[in-house]
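Below is one structure, written out as structure tokens; comments come after it.
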Amino acid sequence: MAWNTNVRWRLPLTCLLLQVAMVVLFGVFVRYDQDSDAHWIENKGSGNVSGDDMDNEFYYRYPSFQDVHVMIFVGFGFLMTFLKRYGYSSVGFNFLLAAFGIQWAVLMQGWFHSFHNGYILVGVENLINADFCVGSVCVAFGAILGKVSPIQLLVMTLFQVTLFSVNEFILLSLLKVKDAGGSMTIHTFGAYFGLTVTFILYRPNLSQSKERDGPVYHSDLFAMIGTLFLWMYWPSFNSAVSNHGDAQHRAAINTYCSLAACVLTSVALSSALHKKGKLDMVHIQNATLAGGVAVGTAAEMMLMPYGSLIVGFICGIVSTLGFVYLTPFLESHLRIQDTCGIHNLHGMPGIIGGIVGAVTAACATTSVYGQEGLARAFDIEGSNWSASTQGGFQAAGIFVSLAMALGGGTLVGCILRLPIWGQPSDQNCFEDAVYWEVPEEHKNEALHPEDSTLKPSEP
Amino acid sequence: MAWNTNVRWRLPLTCLLLQVAMVVLFGVFVRYDQDSDAHWIENKGSGNVSGDDMDNEFYYRYPSFQDVHVMIFVGFGFLMTFLKRYGYSSVGFNFLLAAFGIQWAVLMQGWFHSFHNGYILVGVENLINADFCVGSVCVAFGAILGKVSPIQLLVMTLFQVTLFSVNEFILLSLLKVKDAGGSMTIHTFGAYFGLTVTFILYRPNLSQSKERDGPVYHSDLFAMIGTLFLWMYWPSFNSAVSNHGDAQHRAAINTYCSLAACVLTSVALSSALHKKGKLDMVHIQNATLAGGVAVGTAAEMMLMPYGSLIVGFICGIVSTLGFVYLTPFLESHLRIQDTCGIHNLHGMPGIIGGIVGAVTAACATTSVYGQEGLARAFDIEGSNWSASTQGGFQAAGIFVSLAMALGGGTLVGCILRLPIWGQPSDQNCFEDAVYWEVPEEHKNEALHPEDSTLKPSEP
Amino acid sequence: MAWNTNVRWRLPLTCLLLQVAMVVLFGVFVRYDQDSDAHWIENKGSGNVSGDDMDNEFYYRYPSFQDVHVMIFVGFGFLMTFLKRYGYSSVGFNFLLAAFGIQWAVLMQGWFHSFHNGYILVGVENLINADFCVGSVCVAFGAILGKVSPIQLLVMTLFQVTLFSVNEFILLSLLKVKDAGGSMTIHTFGAYFGLTVTFILYRPNLSQSKERDGPVYHSDLFAMIGTLFLWMYWPSFNSAVSNHGDAQHRAAINTYCSLAACVLTSVALSSALHKKGKLDMVHIQNATLAGGVAVGTAAEMMLMPYGSLIVGFICGIVSTLGFVYLTPFLESHLRIQDTCGIHNLHGMPGIIGGIVGAVTAACATTSVYGQEGLARAFDIEGSNWSASTQGGFQAAGIFVSLAMALGGGTLVGCILRLPIWGQPSDQNCFEDAVYWEVPEEHKNEALHPEDSTLKPSEP
């Protein structure tokens, strides 16, 4: 494939158009919620709101919000800088799509969940949820990293955020599924959506770019910045929107445990699967995080610390095995070119997370949670709630997420195949110089010439 | 110009002298405030202090403080590592000046704002304000980056912190201006102060160092660490010293929105202004932050989320245009050599921020804020307050800040021109090896020989 | 020395064995504490627990916990990336040992401090303390960096965490010593433990690896990421487990002051001790942190801001002098090969911190603390408490920590000398390629051939 990668007018127009739309829609729909409006001082102390300044939702959620924010922009951004010549794009495009995505997510999620009297009322929880939603786009970006243009990413973000919000609404509001850390809504959906897109964008001649499809020494260190910020802040991610008090507290503890266990089994498998016992940075950068993905649903439940360790234990193994055996198989036999191996980090662990959540929910009893605790943990309103039903709906959530991901990914993949988005040719993938002004040192050796006319060749 | 850059005795003496002065002045003046003193346990519950541990100011402000702290040291420090041979100095000198500056700022701001019975009483809010004050020095550092010695930076910090505190006192205490995020006090003042200093330190032969006045591939990635931590934590910056509750909450939301919009328009303009449509890292690293600067004053007001998006929208455009057209013009026609382009990131957006704040304040009504909310938002004590007067004073604040910056910058620039500070010659600018022991790899190719005697050449 | 460094079966088995043990022990012993258990909703409001959601311990400690978490994984991990060819190992092995260490520390510290009715009840404070405990292992790692295998590190972590917990129990529970920031328990113990281990692992032919025992330009910038995150978050470290309210507040302020002063004196000495007045990155990366170590014990006491400045002032000088004169002396005359110079950053400042704490405690009076404040600051229960006794016990804590470190270090050093752990030969130290798959660029120049048979040569 060879297309015109000069995005001079297409990219600016896309950005400006989307941003103007955001301004207009925010102007029509978005207002401050009770805790962020200047009337708060008058309302607090009345009704069921305490009179204490500290009871503003801001103080319950803001530190977690900032941690999540770091995960989206530095975590995902730098995790993808492992490629030797794609650091600008990894960090920069992630920055661009996330900055757009959070705005669109505030709107989409707002219409579904915070819509009152014609207005979307926003507070810190909306900002966290918007970051979560964009997290699923960052996941999908990992599959197509290096093979798409920034315009394609913006288009994908537009659609994926929309589909994410619909899926989230079905799960949380219709099926009454609990998924505070997003094993299903964020990771399973994001991963299989991205894998479907990359399947449809299959590039038969991608091997022409294979000399750039790998790291240099320092790029792997930059990637570790991403890994570590994701790993460290994951307890905040899984606890950010849980109920006040014990649920947030417990979600942080469980995630901490799962992630710790996952590091040891990832290292074990990485060494065991190398013929000289050497560790592979790819596994350390990615598989160590699978434990956080896999307790996303159950972290706020009474999973118990040892339960979390077991989940992390298993996921470190599954994820590393995936990198060694499954990713090459998917590429060679199923035409799925998964640049970052998101299937191993978000796909399989996401599904495991959904199953763990379903099982944990199905085992919930009043002796473990207490009467009030159980009611609060699962938002039980009527009397016809049962743990096994909850477990069943949780399980259904996995399938709904998968279905939405495969269907949505197919649709979006087909749209992104159109030869109008300025995507790079097969021999110019994984290369910053296509879309970036790069310093002299790299200029000479970069870029194969491309036709400046819009001329797609046969796929 | 060629001076003796061996700072062996001058730098240590300056550091030690300043630090001894700090110890003495802290010993005479600085004590713990009510919330950080061991008597707190006895005082709480009495008077108008609640009996709850959580009501210690620490819990309202500490998470924001840490975010601001990261912005000053990692944010500004790494933002300036984009130069290929000036990473040690960017991070290291920023570290040095900020470490001195925060101590001096605690004293200066303390005398003006926290002075009781002969003592400066400090708590977490003083730490935040000290970091803010140093933020304006970091801004000014951006203009003279690569062209000054660490001694000059310490001298500049000494004077700039002093002038900052006077200006801040005039604005906040005399004019009763609101400027929680410092569009005027930090950014406008810092930027025009720095630009005046660099104007006075004009180096006609700076082109002799131009081969080092640019990035290499990895230095641009290091700079993105700075950019992203500034971008992510800016909501904390603008909300850190706002009133408890809704004001902090709202300031974070508004800043989040403005910054998101700014990313899209920066990318749009960066691509549109390049003849092949390629993105420029300089714009992504800097212009994307202008939205945070420009809502510094109004973020805690009822600017509305769409208002924030509009501000960010405009600033991304203005800032990128500034980098492409204005910075080269300032250098070639006005003898202003602005290494980091602070005029585009802090100067113009700072003024825009002041104007936005003035307009937002002038439009404040009781219907939007509520009776109590309005009184709280603008610290209204008497009955003769009016929104338009507030707006007028806000606008006056911009001019006062500009006047202080130009006057103070001229004074300090002249002091820094003295040939005694160990500044580098024109052909050794942007070079770590002047003041740092660098690894072998770089040693051979570095440093032009300099006279070891103190011998300034003609300017 | 030349051993078989192929750890293919030994490393995986060690990891899996340890992790399985953790799962079993967590399953038998670890449960949620009151604030993280689902019964919390039923218990709060009853007894002496307030009915406010905000009173969950989570909200008092979680932001500090996350800062400490960043210090352990990014701070210590990246601080050690200064070596040109040891970045993967620095970050990766630190990640591995810390992930194991926190689990083992939750158990060990839990048995000593949180054991109720046969269960260890965990909450956010346990997570912080586990991170603290691992901090002392990270310190010790600094001494042996580049000279050990990951298996040796896991073995050392197993033993050191155990000994740390015993030492901590003696100090905090038996001697009733106050040491919230761990000058004695973490830094003194960790440093002298590590120095003893490296003494016993002395490598006479280490000079064969000396071409890799140093930085390149970019590795020093990576190390600054570690330095700055340690420096910025140290106020959180020293305040994380202090009493609610004023103690946490004061600990943060004191640490902030001490660290700021330390930067100026480190820079002063670094320049003064270089014959051309140039700064050395090693000092900026390390000595600037000594001020945080040295107020670890006294930060929560009424040390006063100027007292903190004095401590920082002294430690910047002591630490830099140590790097210039003491470290080479220790290596050449005492056979102590201290890769990162932990004696200067943690050893001497740790002892100074213990002394400062003892003196500050011995000077405590009711006029400074107030009656209630004093009782709370030193957990005074009976009436036979006196400040001088407290000071004496504090001083005793230093000697106990030193004795445990020297004794424990000797034991562990001897265990690590066994020729079964896959340690590198003298000519392959400081080299990632021994245990890591590294990108092609480095492969050719790397690794001296080693015997694949287990054949230790004479020491």
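Following the order of the structure tokens, chains are lettered A, B, ..., residues in each are numbered from 1, and ligands are numbered from 1.
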Only residues of chain B matter here; which ones have an atom within 7 Å of chain A, counting only C-alpha atoms? Give them as a ChimeraX atom specification. /B:63,215-217,221,228,232,244-247,249-250,260-261,263-265,268-269,271-272,276-280,304-306,309-310,369-370,372-373
Neighbour list for Thr162 in chain B as a list of chain:residue names, cut-off 9 Å, only C-alpha atoms, skip fewer than 4 positions in-chain: B:Trp104, B:Ala105, B:Met108, B:Gln109, B:Thr157, B:Leu158, B:Val166, B:Asn167
Output all heavy atoms for every residue in that selection, as a compact mmCIF listing (two decimals), in the first residue's frame.
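Wrote again_13.txt, looks like this:
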```txt
# COMPACT_ATOMS: atom_id res chain seq x y z
N TRP B 104 13.72 31.13 49.97
CA TRP B 104 13.65 32.59 49.97
C TRP B 104 12.18 33.03 49.81
O TRP B 104 11.74 34.02 50.41
CB TRP B 104 14.57 33.14 48.88
CG TRP B 104 14.61 34.63 48.73
CD1 TRP B 104 14.52 35.34 47.57
CD2 TRP B 104 14.78 35.61 49.77
NE1 TRP B 104 14.62 36.67 47.82
CE2 TRP B 104 14.77 36.88 49.17
CE3 TRP B 104 14.92 35.53 51.16
CZ2 TRP B 104 14.90 38.07 49.89
CZ3 TRP B 104 15.04 36.71 51.89
CH2 TRP B 104 15.03 37.95 51.27
N ALA B 105 11.42 32.25 49.03
CA ALA B 105 10.01 32.60 48.83
C ALA B 105 9.20 32.40 50.11
O ALA B 105 8.29 33.19 50.40
CB ALA B 105 9.41 31.76 47.69
N MET B 108 9.98 35.68 51.94
CA MET B 108 9.42 36.89 51.33
C MET B 108 7.89 36.89 51.39
O MET B 108 7.25 37.85 51.82
CB MET B 108 9.87 37.00 49.86
CG MET B 108 11.27 37.53 49.65
SD MET B 108 11.55 39.20 50.36
CE MET B 108 10.29 40.16 49.55
N GLN B 109 7.30 35.77 50.92
CA GLN B 109 5.83 35.69 50.94
C GLN B 109 5.33 35.67 52.38
O GLN B 109 4.26 36.20 52.68
CB GLN B 109 5.35 34.44 50.20
CG GLN B 109 5.67 34.48 48.72
CD GLN B 109 5.22 33.22 48.00
OE1 GLN B 109 5.39 32.11 48.50
NE2 GLN B 109 4.64 33.39 46.82
N THR B 157 17.41 34.50 40.79
CA THR B 157 16.38 33.96 41.67
C THR B 157 16.19 34.85 42.90
O THR B 157 15.05 35.15 43.30
CB THR B 157 16.75 32.53 42.12
OG1 THR B 157 16.98 31.73 40.96
CG2 THR B 157 15.65 31.91 42.96
N LEU B 158 17.30 35.27 43.47
CA LEU B 158 17.24 36.14 44.65
C LEU B 158 16.40 37.38 44.36
O LEU B 158 15.48 37.73 45.11
CB LEU B 158 18.66 36.54 45.05
CG LEU B 158 18.80 37.48 46.25
CD1 LEU B 158 18.41 36.76 47.53
CD2 LEU B 158 20.23 38.02 46.35
N VAL B 166 6.66 41.21 45.96
CA VAL B 166 6.13 42.58 46.01
C VAL B 166 4.94 42.69 45.05
O VAL B 166 3.87 43.18 45.42
CB VAL B 166 7.23 43.60 45.64
CG1 VAL B 166 6.64 44.99 45.50
CG2 VAL B 166 8.33 43.56 46.68
N ASN B 167 5.15 42.20 43.83
CA ASN B 167 4.07 42.27 42.83
C ASN B 167 2.84 41.50 43.31
O ASN B 167 1.71 41.98 43.21
CB ASN B 167 4.57 41.69 41.50
CG ASN B 167 3.56 41.80 40.40
OD1 ASN B 167 3.03 42.88 40.13
ND2 ASN B 167 3.24 40.68 39.75
```
Alpha helix (DSSP H) call set, DSSP backbone run, range 335-428 of chain A, as a tab-separated table (two decimals) with C-alpha atoms, in the first residue's frame:
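Generated output (part_7.tsv):
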```
chain	number	residue	atom	x	y	z
A	342	ILE	CA	-2.34	-6.18	23.78
A	348	MET	CA	-6.79	-12.58	28.01
A	349	PRO	CA	-6.30	-10.93	31.44
A	350	GLY	CA	-9.43	-8.87	30.80
A	351	ILE	CA	-11.50	-11.98	30.20
A	352	ILE	CA	-9.93	-13.66	33.22
A	353	GLY	CA	-10.85	-10.53	35.17
A	354	GLY	CA	-14.44	-10.78	34.04
A	355	ILE	CA	-14.59	-14.43	35.09
A	356	VAL	CA	-12.95	-13.74	38.45
A	357	GLY	CA	-15.48	-10.97	39.01
A	358	ALA	CA	-18.40	-13.22	38.12
A	359	VAL	CA	-17.21	-15.98	40.41
A	360	THR	CA	-16.47	-13.60	43.28
A	361	ALA	CA	-19.88	-12.00	42.94
A	362	ALA	CA	-21.60	-15.37	42.76
A	366	THR	CA	-23.92	-11.83	54.07
A	367	SER	CA	-21.50	-13.56	56.40
A	368	VAL	CA	-18.57	-12.24	54.38
A	369	TYR	CA	-19.95	-8.77	53.59
A	371	GLN	CA	-26.03	-7.29	55.62
A	372	GLU	CA	-25.42	-3.62	54.96
A	373	GLY	CA	-22.06	-4.27	53.36
A	374	LEU	CA	-23.56	-6.64	50.80
A	375	ALA	CA	-26.34	-4.22	49.95
A	376	ARG	CA	-23.84	-1.43	49.47
A	377	ALA	CA	-21.29	-3.48	47.53
A	387	ALA	CA	-25.51	-13.69	44.34
A	388	SER	CA	-25.80	-16.27	41.63
A	389	THR	CA	-27.92	-13.99	39.47
A	390	GLN	CA	-25.35	-11.26	39.92
A	391	GLY	CA	-22.66	-13.73	38.92
A	392	GLY	CA	-24.66	-14.66	35.85
A	393	PHE	CA	-25.10	-11.08	34.76
A	394	GLN	CA	-21.39	-10.46	35.37
A	395	ALA	CA	-20.60	-13.36	33.04
A	396	ALA	CA	-23.03	-12.02	30.49
A	397	GLY	CA	-21.11	-8.74	30.62
A	398	ILE	CA	-18.04	-10.47	29.23
A	399	PHE	CA	-19.93	-11.71	26.20
A	400	VAL	CA	-21.64	-8.40	25.57
A	401	SER	CA	-18.27	-6.65	25.71
A	402	LEU	CA	-16.76	-9.15	23.32
A	403	ALA	CA	-19.66	-8.84	20.92
A	404	MET	CA	-19.51	-5.06	20.95
A	405	ALA	CA	-15.77	-5.17	20.44
A	406	LEU	CA	-15.90	-7.54	17.49
A	407	GLY	CA	-18.84	-5.81	15.85
A	408	GLY	CA	-17.59	-2.31	16.49
A	409	GLY	CA	-14.05	-3.18	15.56
A	410	THR	CA	-15.20	-4.59	12.22
A	411	LEU	CA	-17.15	-1.45	11.42
A	412	VAL	CA	-14.35	0.90	12.46
A	413	GLY	CA	-11.71	-1.22	10.76
A	414	CYS	CA	-13.57	-0.94	7.48
A	415	ILE	CA	-13.84	2.82	7.84
A	416	LEU	CA	-10.13	3.09	8.58
A	417	ARG	CA	-9.31	1.06	5.44
```
Contact check, range 260-352 of chain A to range 204-211 of chain A, at most 12 Å, counting only C-alpha atoms, closest pairs as a Markdown table:
```
| residue | atom | partner | partner_atom | distance |
| --- | --- | --- | --- | --- |
| A:Glu331 | CA | A:Pro204 | CA | 10.2 |
| A:Ser332 | CA | A:Pro204 | CA | 10.2 |
| A:His333 | CA | A:Pro204 | CA | 12.0 |
| A:Leu334 | CA | A:Pro204 | CA | 11.7 |
| A:Arg335 | CA | A:Pro204 | CA | 8.2 |
| A:Ile336 | CA | A:Pro204 | CA | 10.5 |
| A:Gln337 | CA | A:Leu206 | CA | 9.0 |
| A:Asp338 | CA | A:Leu206 | CA | 11.8 |
| A:Thr339 | CA | A:Leu206 | CA | 11.1 |
```
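Distances here use only C-alpha atoms; by that measure, the residue among B:Ala287, B:Met80, B:Val293, B:Cys262 closest to Thr185 in chain B is B:Val293.
Between CA of Cys340 in chain A and CA of Gly142 in chain A there is a distance of 5.1 Å.
The residues of range 118-338 of chain B that DSSP assigns to strand (DSSP E) on this backbone come out as Tyr119, Ile120, Leu121 and Val122 of chain B.
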Considering only C-alpha atoms, return as a VMD selection string whatever protein or nucleic-acid residues lie within 7 Å of Ser319 in chain C, sequence-local ones (same chain, fewer than 6 positions apart) excluded. chain C and resid 287 290 344 to 345
Export of the given selection (N, CA and C atoms) as a tab-separated table (two decimals), in the first residue's frame:
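Now in result06.tsv:
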```tsv
chain	number	residue	atom	x	y	z
C	287	ALA	N	23.89	13.21	46.75
C	287	ALA	CA	24.10	13.97	47.99
C	287	ALA	C	22.92	14.89	48.28
C	290	ALA	N	20.51	13.46	50.82
C	290	ALA	CA	20.93	13.10	52.17
C	290	ALA	C	20.10	13.83	53.23
C	344	ASN	N	27.46	7.17	51.67
C	344	ASN	CA	27.35	8.63	51.71
C	344	ASN	C	25.91	9.11	51.70
C	345	LEU	N	25.05	8.37	51.04
C	345	LEU	CA	23.66	8.81	50.93
C	345	LEU	C	22.78	8.26	52.06
```
